[in-house]
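First comes the structure, then the notes that go with it.
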Amino acid sequence: MVEKSLFASRPVTRRADASKFVRAAALVVACAASVIATGCASLAPPTPVEPTAGTTVEHYRGRFSVRYEQNGEARNTYGNFDWQQNGENATVQLLDPLGQTQAIVRENPRSASLELPGKAPLTGPRLEDVMHDALGFALPVGGLRYWLRMQGAPGSQASIERDPQTQRPTHLTQDGWTIDYQAYFDGTPLRVKRVDLSRDLDGSPLAVRLVIDE
């Protein structure tokens, strides 16, 4: 097993301690690749998203980790994220542990882009395709906005299991993804604090953990 941090210049042997996986996330592989290529380069943080008429900006900050396979080799990478969602428009900022922006993902109904330090933005009609072309795999950013609300995304069937005592969602499956709700914030309204996602598509396993700080 090989692990890359956002600031490592080369892979290092991963320790067996699975608790390291708690360092949560989604596109950090892009960050690691950019740091390897550009050293300490970083991007300017994106402009804060302003709500449009009739919408409310959803804002998530936290940590993430990704376990995946690349060229048949198991890897692990992690970092921090700042996610702003305004209706159908999403901006995901990925940062290293020192707070430097290493990747910016933008998605709207018409296009998607991935920005890395020292490189021209990668664009395409679908975020999944842009990510797959750049990273070799795709993460369900579009579905996550609904799954973090503890509901299925529109357009396909979802199955939700609930705790029989609290009625809190514990497990959701949709589009080949398994979403396990591991922890919630105290108080109301009900908000997810930690969620694990996994998928095995064409023999390429992918696991993501998100830990939301606020």
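Starting from 1 in every chain, residues are counted up; chains themselves are A, B, ... following the order of the structure tokens, and ligands are numbered from 1 as listed.
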Could you pull out all residues of segment 111-198 of chain A with a DSSP call of strand (DSSP E) and give them as a ChimeraX atom specification? /A:112-115,122-124,158-162,169-174,177-184,192-198
I'd like the neighbourhood of segment 172-189 of chain A as a VMD selection string, where a residue qualifies if any of its atoms comes within 10 Å (using only C-alpha atoms), though same-chain residues fewer than 6 positions away should be ignored. chain A and resid 140 143 to 144 147 to 148 150 to 153 155 to 162 195 to 201 206 to 214
Test item: residues at most 12 Å from Thr47 of chain A, only C-alpha atoms, excluding those fewer than 4 positions along its chain, as a PyMOL selection string: chain A and resi 43+82+84+91-93+104+106
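Residue nearest Val192 of chain A, chosen from A:Ser204, A:Thr56, A:Gln102, A:Thr170 and counting only C-alpha atoms: A:Thr170.
Close contacts of Gly79 of chain A, defined as residues with an atom at most 6 Å away when counting only C-alpha atoms, with chain neighbours fewer than 2 positions off set aside, comprise Arg63, Phe64 and Asp96 of chain A.
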Please write the residues from the selection above to a file, keeping N, CA, C and O atoms, as a JSON list (two decimals), in the first residue's frame.
```json
[["chain", "number", "residue", "atom", "x", "y", "z"],
["A", 63, "ARG", "N", -12.35, 17.35, 6.20],
["A", 63, "ARG", "CA", -11.20, 16.57, 5.76],
["A", 63, "ARG", "C", -11.70, 15.37, 4.97],
["A", 63, "ARG", "O", -12.83, 14.94, 5.15],
["A", 64, "PHE", "N", -10.83, 14.87, 4.11],
["A", 64, "PHE", "CA", -11.23, 13.71, 3.33],
["A", 64, "PHE", "C", -10.03, 12.83, 3.03],
["A", 64, "PHE", "O", -8.89, 13.29, 3.03],
["A", 96, "ASP", "N", -3.95, 21.70, 1.07],
["A", 96, "ASP", "CA", -2.99, 20.86, 1.79],
["A", 96, "ASP", "C", -3.08, 21.18, 3.28],
["A", 96, "ASP", "O", -3.80, 22.11, 3.69]]
```
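Going from atom CA of Arg67 of chain A to atom CA of Pro205 of chain A covers 8.0 Å.
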